[in-house]
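A.B. asks: Below is the file data13.tsv, which contains TSV, C-alpha atoms.
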```tsv
chain	number	residue	atom	x	y	z
A	164	MET	CA	0.00	0.00	0.00
A	165	ASP	CA	1.31	3.43	-0.97
A	166	THR	CA	1.98	5.47	2.18
A	167	PHE	CA	4.29	8.21	3.41
A	168	PRO	CA	7.15	7.62	5.86
A	169	ILE	CA	6.47	9.29	9.22
A	170	VAL	CA	8.75	12.16	10.21
A	171	THR	CA	9.87	11.79	13.84
A	172	VAL	CA	11.58	13.94	16.46
A	173	PRO	CA	14.08	15.56	16.39
A	174	THR	CA	13.47	16.46	12.71
A	175	PRO	CA	13.54	20.30	12.59
A	176	SER	CA	10.60	20.60	10.17
A	177	LEU	CA	8.25	19.32	12.90
A	178	ARG	CA	8.94	22.60	14.76
A	179	GLN	CA	8.21	24.89	11.80
A	180	PRO	CA	4.84	26.56	11.20
A	181	SER	CA	2.99	25.32	8.13
A	182	ARG	CA	1.88	27.51	5.26
A	183	MET	CA	-1.72	28.23	4.31
A	184	LEU	CA	-3.20	26.54	1.24
A	185	GLU	CA	-5.03	28.23	-1.63
A	186	VAL	CA	-8.37	26.84	-2.79
A	187	SER	CA	-6.95	26.40	-6.30
A	188	GLU	CA	-4.18	24.22	-4.84
A	189	ILE	CA	-6.64	22.10	-2.82
A	190	GLN	CA	-8.71	21.38	-5.93
A	191	THR	CA	-5.85	19.88	-7.97
A	192	ILE	CA	-5.73	16.16	-8.64
A	193	GLU	CA	-2.19	16.07	-7.21
A	194	PHE	CA	-3.36	17.50	-3.90
A	195	GLN	CA	-6.37	15.17	-3.77
A	196	ASN	CA	-3.98	12.23	-4.32
A	197	PHE	CA	-1.80	13.61	-1.50
A	198	LEU	CA	-4.84	13.61	0.83
A	199	ASP	CA	-5.72	10.02	-0.12
A	200	LYS	CA	-2.15	8.93	0.63
A	201	LEU	CA	-2.25	10.86	3.94
A	202	ILE	CA	-5.42	8.98	4.94
A	203	ARG	CA	-3.83	5.62	4.02
A	204	THR	CA	-0.75	6.52	6.04
A	205	MET	CA	-2.88	7.35	9.10
A	206	HIS	CA	-4.68	3.99	8.84
A	207	VAL	CA	-1.54	1.92	8.26
A	208	GLU	CA	0.21	3.61	11.20
A	209	ASP	CA	-2.85	3.03	13.43
A	210	GLY	CA	-3.42	6.73	14.03
A	211	VAL	CA	-6.67	8.57	14.74
A	212	GLY	CA	-5.42	11.75	13.10
A	213	ILE	CA	-2.44	12.98	11.12
A	214	ALA	CA	-1.05	16.33	10.07
A	215	SER	CA	0.94	17.09	6.92
A	216	PRO	CA	4.15	18.02	8.81
A	217	GLN	CA	4.24	14.43	10.06
A	218	VAL	CA	4.92	13.32	6.49
A	219	GLY	CA	7.36	16.10	5.70
A	220	GLN	CA	4.95	18.59	4.14
A	221	ASN	CA	4.68	21.88	6.06
A	222	ILE	CA	1.25	22.78	4.72
A	223	ARG	CA	-1.94	23.35	6.71
A	224	ALA	CA	-3.71	20.05	6.01
A	225	ILE	CA	-4.89	17.46	8.53
A	226	VAL	CA	-6.92	14.26	8.61
A	227	VAL	CA	-9.17	13.47	11.56
A	228	ASN	CA	-10.79	10.07	11.95
A	229	LEU	CA	-14.35	11.02	12.92
A	230	PRO	CA	-17.16	8.57	13.80
A	231	LYS	CA	-18.30	8.54	10.15
A	232	GLY	CA	-14.75	8.03	8.87
A	233	PRO	CA	-11.64	10.06	8.04
A	234	GLU	CA	-12.13	13.65	6.91
A	235	CYS	CA	-9.61	16.13	5.55
A	236	PHE	CA	-9.40	19.75	6.64
A	237	MET	CA	-7.24	22.47	5.17
A	238	ASN	CA	-6.26	25.70	6.94
A	239	PRO	CA	-8.09	24.56	10.10
A	240	GLU	CA	-8.38	26.97	12.98
A	241	ILE	CA	-9.97	26.89	16.38
A	242	VAL	CA	-12.30	29.87	16.58
A	243	LYS	CA	-13.83	29.15	19.99
A	244	LYS	CA	-12.76	27.04	22.98
A	245	SER	CA	-14.71	25.86	26.00
A	246	GLU	CA	-13.53	26.96	29.41
A	247	ALA	CA	-13.96	23.37	30.55
A	248	MET	CA	-10.79	21.35	30.22
A	249	VAL	CA	-10.11	17.63	30.17
A	250	ASP	CA	-6.99	15.53	30.76
A	251	SER	CA	-6.08	13.58	27.65
A	252	GLU	CA	-3.60	10.71	27.47
A	253	GLU	CA	-1.82	11.31	24.18
A	254	GLY	CA	0.77	9.72	22.00
A	255	CYS	CA	1.97	10.73	18.56
A	256	LEU	CA	3.19	9.02	15.42
A	257	SER	CA	6.05	11.55	15.31
A	258	VAL	CA	7.07	10.89	18.93
A	259	PRO	CA	7.15	7.08	18.99
A	260	GLY	CA	6.94	5.23	22.28
A	261	LYS	CA	6.05	8.23	24.45
A	262	TYR	CA	2.75	9.11	26.08
A	263	GLY	CA	1.70	11.86	28.42
A	264	ILE	CA	-1.24	13.73	29.89
A	265	VAL	CA	-2.20	16.94	28.08
A	266	GLN	CA	-4.83	19.44	29.22
A	267	ARG	CA	-7.17	20.11	26.29
A	268	HIS	CA	-10.39	22.06	25.84
A	269	LYS	CA	-13.43	19.82	26.17
A	270	LYS	CA	-15.17	21.49	23.21
A	271	VAL	CA	-13.86	23.57	20.30
A	272	SER	CA	-15.35	25.32	17.28
A	273	ILE	CA	-13.48	24.70	14.04
A	274	ARG	CA	-13.31	26.73	10.82
A	275	ALA	CA	-11.58	25.10	7.86
A	276	LEU	CA	-11.75	24.26	4.18
A	277	ASN	CA	-13.00	20.81	3.17
A	278	ARG	CA	-11.65	18.64	0.35
A	279	LEU	CA	-13.63	20.65	-2.17
A	280	GLY	CA	-12.08	23.90	-0.93
A	281	ARG	CA	-15.38	24.98	0.64
A	282	ARG	CA	-15.48	26.70	4.01
A	283	VAL	CA	-16.93	24.63	6.85
A	284	GLU	CA	-17.61	25.54	10.47
A	285	PHE	CA	-18.64	23.12	13.19
A	286	ASP	CA	-18.31	22.25	16.87
A	287	VAL	CA	-16.62	19.12	18.20
A	288	LYS	CA	-16.38	17.77	21.71
A	289	ALA	CA	-14.80	14.92	23.64
A	290	PHE	CA	-12.23	12.79	21.76
A	291	PRO	CA	-12.68	14.45	18.32
A	292	ALA	CA	-12.01	17.85	19.95
A	293	ILE	CA	-8.76	16.47	21.38
A	294	ILE	CA	-7.69	15.16	17.97
A	295	PHE	CA	-8.34	18.54	16.31
A	296	GLN	CA	-6.32	20.37	18.96
A	297	HIS	CA	-3.44	17.91	18.68
A	298	GLU	CA	-3.33	18.07	14.86
A	299	ILE	CA	-3.67	21.86	14.66
A	300	ASP	CA	-0.78	22.10	17.13
A	301	HIS	CA	1.32	20.18	14.57
A	302	LEU	CA	0.56	22.86	11.98
A	303	ASP	CA	1.99	25.45	14.37
A	304	GLY	CA	5.15	23.45	15.09
A	305	VAL	CA	3.95	22.33	18.53
A	306	LEU	CA	4.18	18.72	19.73
A	307	PHE	CA	2.19	17.11	22.53
A	308	ILE	CA	5.40	16.65	24.53
A	309	ASP	CA	5.62	20.45	24.75
A	310	LYS	CA	2.38	20.49	26.74
A	311	ALA	CA	2.35	17.08	28.42
A	312	LYS	CA	2.97	16.16	32.00
A	313	ASN	CA	3.92	12.70	33.21
A	314	ILE	CA	5.58	11.65	29.94
A	315	VAL	CA	6.26	7.92	29.98
A	316	GLU	CA	7.67	5.29	27.66
A	317	ALA	CA	4.92	2.95	26.56
A	318	THR	CA	3.87	0.56	23.83
A	319	HIS	CA	0.08	0.86	24.02
A	320	GLY	CA	-2.73	3.09	22.87
A	321	LYS	CA	-3.76	4.93	19.75
A	322	HIS	CA	-1.59	7.62	18.24
A	323	ILE	CA	-3.09	10.98	17.52
```
Could you spell out this file's structure in structure tokens?

C.D. replies:
Amino acid sequence: MDTFPIVTVPTPSLRQPSRMLEVSEIQTIEFQNFLDKLIRTMHVEDGVGIASPQVGQNIRAIVVNLPKGPECFMNPEIVKKSEAMVDSEEGCLSVPGKYGIVQRHKKVSIRALNRLGRRVEFDVKAFPAIIFQHEIDHLDGVLFIDKAKNIVEATHGKHI
């Protein structure tokens, strides 16, 4: 199966902010093929989300595995956050073998472009909200280990 290799720490590009995408770029067949390969990579690596910097592309594109299946979002931003927080045990494909507890907002409002380049806005809560926060952090050059407490070596759990 055609997938991308995962970029891992300490690769410098993981710490660089990603560039915004133009609608015309999103609508190309090459970019749509990139998104398909990104989804396959997430599945093969047993992730629940993946961001483009994790495959060496510093562009603002993520995949989130939602209850109805994986969805792609370009130029995602959090436009509203709940005051309520939740502790989240997180791991990351780009930080293999490490897990930690990260404080995340329980609910967030997202604005992004979908695969068609159309603007979408929606609210997410619980685990999907955690995935969005984790993946958007990647687009800003932030890793979960920057925010985590109680980082441990482990071999279990899903990777975000």

A.B. asks: Calculate how many Å separate CA of Ile192 (chain A) from CA of Asn228 (chain A), rounding to one decimal.

C.D. replies: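 So the answer is 22.1 Å.
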
A.B. asks: Adding 4 Å on each side of the box along x, y and z that holds all listed atoms of region 207-226 of chain A, could you give its centre and edge lengths in Å to one decimal, as lines of an AutoDock Vina configuration file?

C.D. replies:
```
center_x = 0.2
center_y = 12.6
center_z = 9.4
size_x = 22.3
size_y = 29.4
size_z = 18.6
```

A.B. asks: Compare A:Met205, A:Val218, A:Ala224, A:Ile169 by their minimum atom-to-atom distance to Gly280 (chain A), counting all atoms listed in the file, and give me the closest one.

C.D. replies: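 Under the stated criterion, the closest residue is A:Ala224.
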
A.B. asks: CA of Phe290 (chain A) and CA of Phe194 (chain A), how far apart in Å?

C.D. replies: 27.6 Å

A.B. asks: Neighbours of Ser257 (chain A) within 10 Å (only C-alpha atoms; same-chain residues fewer than 6 positions away dropped), as a PyMOL selection string?

C.D. replies: chain A and resi 169-174+177+213+216-218+301+306-307+322-323

A.B. asks: Need a file for region 190-278 of chain A from that block: C-alpha atoms, written as a PDB file, in the first residue's frame.

C.D. replies:
```pdb
ATOM      1  CA  GLN A 190      -8.711  21.383  -5.926  1.00  0.00           C
ATOM      2  CA  THR A 191      -5.851  19.883  -7.969  1.00  0.00           C
ATOM      3  CA  ILE A 192      -5.729  16.160  -8.636  1.00  0.00           C
ATOM      4  CA  GLU A 193      -2.187  16.075  -7.215  1.00  0.00           C
ATOM      5  CA  PHE A 194      -3.363  17.499  -3.903  1.00  0.00           C
ATOM      6  CA  GLN A 195      -6.369  15.171  -3.767  1.00  0.00           C
ATOM      7  CA  ASN A 196      -3.982  12.234  -4.317  1.00  0.00           C
ATOM      8  CA  PHE A 197      -1.797  13.606  -1.499  1.00  0.00           C
ATOM      9  CA  LEU A 198      -4.835  13.614   0.833  1.00  0.00           C
ATOM     10  CA  ASP A 199      -5.720  10.020  -0.121  1.00  0.00           C
ATOM     11  CA  LYS A 200      -2.155   8.930   0.635  1.00  0.00           C
ATOM     12  CA  LEU A 201      -2.248  10.861   3.937  1.00  0.00           C
ATOM     13  CA  ILE A 202      -5.422   8.976   4.942  1.00  0.00           C
ATOM     14  CA  ARG A 203      -3.831   5.624   4.017  1.00  0.00           C
ATOM     15  CA  THR A 204      -0.747   6.519   6.043  1.00  0.00           C
ATOM     16  CA  MET A 205      -2.882   7.349   9.096  1.00  0.00           C
ATOM     17  CA  HIS A 206      -4.680   3.988   8.842  1.00  0.00           C
ATOM     18  CA  VAL A 207      -1.540   1.915   8.257  1.00  0.00           C
ATOM     19  CA  GLU A 208       0.208   3.612  11.202  1.00  0.00           C
ATOM     20  CA  ASP A 209      -2.854   3.026  13.431  1.00  0.00           C
ATOM     21  CA  GLY A 210      -3.419   6.733  14.031  1.00  0.00           C
ATOM     22  CA  VAL A 211      -6.675   8.565  14.741  1.00  0.00           C
ATOM     23  CA  GLY A 212      -5.421  11.749  13.097  1.00  0.00           C
ATOM     24  CA  ILE A 213      -2.441  12.981  11.120  1.00  0.00           C
ATOM     25  CA  ALA A 214      -1.046  16.334  10.074  1.00  0.00           C
ATOM     26  CA  SER A 215       0.939  17.090   6.925  1.00  0.00           C
ATOM     27  CA  PRO A 216       4.149  18.022   8.810  1.00  0.00           C
ATOM     28  CA  GLN A 217       4.235  14.428  10.062  1.00  0.00           C
ATOM     29  CA  VAL A 218       4.916  13.317   6.489  1.00  0.00           C
ATOM     30  CA  GLY A 219       7.363  16.099   5.700  1.00  0.00           C
ATOM     31  CA  GLN A 220       4.945  18.591   4.142  1.00  0.00           C
ATOM     32  CA  ASN A 221       4.678  21.876   6.059  1.00  0.00           C
ATOM     33  CA  ILE A 222       1.248  22.775   4.715  1.00  0.00           C
ATOM     34  CA  ARG A 223      -1.936  23.349   6.710  1.00  0.00           C
ATOM     35  CA  ALA A 224      -3.712  20.049   6.008  1.00  0.00           C
ATOM     36  CA  ILE A 225      -4.888  17.461   8.532  1.00  0.00           C
ATOM     37  CA  VAL A 226      -6.919  14.260   8.608  1.00  0.00           C
ATOM     38  CA  VAL A 227      -9.171  13.467  11.557  1.00  0.00           C
ATOM     39  CA  ASN A 228     -10.793  10.067  11.950  1.00  0.00           C
ATOM     40  CA  LEU A 229     -14.349  11.019  12.924  1.00  0.00           C
ATOM     41  CA  PRO A 230     -17.163   8.574  13.804  1.00  0.00           C
ATOM     42  CA  LYS A 231     -18.303   8.544  10.151  1.00  0.00           C
ATOM     43  CA  GLY A 232     -14.749   8.031   8.873  1.00  0.00           C
ATOM     44  CA  PRO A 233     -11.636  10.060   8.038  1.00  0.00           C
ATOM     45  CA  GLU A 234     -12.133  13.650   6.914  1.00  0.00           C
ATOM     46  CA  CYS A 235      -9.607  16.126   5.550  1.00  0.00           C
ATOM     47  CA  PHE A 236      -9.403  19.748   6.638  1.00  0.00           C
ATOM     48  CA  MET A 237      -7.235  22.473   5.173  1.00  0.00           C
ATOM     49  CA  ASN A 238      -6.257  25.698   6.936  1.00  0.00           C
ATOM     50  CA  PRO A 239      -8.093  24.559  10.097  1.00  0.00           C
ATOM     51  CA  GLU A 240      -8.380  26.971  12.979  1.00  0.00           C
ATOM     52  CA  ILE A 241      -9.967  26.892  16.376  1.00  0.00           C
ATOM     53  CA  VAL A 242     -12.300  29.874  16.579  1.00  0.00           C
ATOM     54  CA  LYS A 243     -13.831  29.151  19.994  1.00  0.00           C
ATOM     55  CA  LYS A 244     -12.755  27.044  22.981  1.00  0.00           C
ATOM     56  CA  SER A 245     -14.709  25.864  25.996  1.00  0.00           C
ATOM     57  CA  GLU A 246     -13.533  26.959  29.409  1.00  0.00           C
ATOM     58  CA  ALA A 247     -13.964  23.371  30.546  1.00  0.00           C
ATOM     59  CA  MET A 248     -10.790  21.352  30.218  1.00  0.00           C
ATOM     60  CA  VAL A 249     -10.107  17.629  30.167  1.00  0.00           C
ATOM     61  CA  ASP A 250      -6.989  15.533  30.764  1.00  0.00           C
ATOM     62  CA  SER A 251      -6.075  13.578  27.653  1.00  0.00           C
ATOM     63  CA  GLU A 252      -3.601  10.707  27.474  1.00  0.00           C
ATOM     64  CA  GLU A 253      -1.818  11.314  24.178  1.00  0.00           C
ATOM     65  CA  GLY A 254       0.774   9.725  22.004  1.00  0.00           C
ATOM     66  CA  CYS A 255       1.966  10.735  18.565  1.00  0.00           C
ATOM     67  CA  LEU A 256       3.193   9.021  15.419  1.00  0.00           C
ATOM     68  CA  SER A 257       6.046  11.553  15.306  1.00  0.00           C
ATOM     69  CA  VAL A 258       7.065  10.887  18.931  1.00  0.00           C
ATOM     70  CA  PRO A 259       7.152   7.082  18.988  1.00  0.00           C
ATOM     71  CA  GLY A 260       6.943   5.229  22.277  1.00  0.00           C
ATOM     72  CA  LYS A 261       6.048   8.232  24.449  1.00  0.00           C
ATOM     73  CA  TYR A 262       2.747   9.107  26.076  1.00  0.00           C
ATOM     74  CA  GLY A 263       1.698  11.860  28.421  1.00  0.00           C
ATOM     75  CA  ILE A 264      -1.244  13.733  29.888  1.00  0.00           C
ATOM     76  CA  VAL A 265      -2.204  16.943  28.079  1.00  0.00           C
ATOM     77  CA  GLN A 266      -4.828  19.444  29.220  1.00  0.00           C
ATOM     78  CA  ARG A 267      -7.169  20.111  26.291  1.00  0.00           C
ATOM     79  CA  HIS A 268     -10.386  22.056  25.842  1.00  0.00           C
ATOM     80  CA  LYS A 269     -13.431  19.823  26.175  1.00  0.00           C
ATOM     81  CA  LYS A 270     -15.169  21.487  23.207  1.00  0.00           C
ATOM     82  CA  VAL A 271     -13.858  23.566  20.299  1.00  0.00           C
ATOM     83  CA  SER A 272     -15.352  25.322  17.285  1.00  0.00           C
ATOM     84  CA  ILE A 273     -13.481  24.701  14.043  1.00  0.00           C
ATOM     85  CA  ARG A 274     -13.310  26.725  10.823  1.00  0.00           C
ATOM     86  CA  ALA A 275     -11.577  25.101   7.860  1.00  0.00           C
ATOM     87  CA  LEU A 276     -11.754  24.257   4.180  1.00  0.00           C
ATOM     88  CA  ASN A 277     -12.995  20.807   3.170  1.00  0.00           C
ATOM     89  CA  ARG A 278     -11.647  18.635   0.346  1.00  0.00           C
TER      90      ARG A 278
END
```
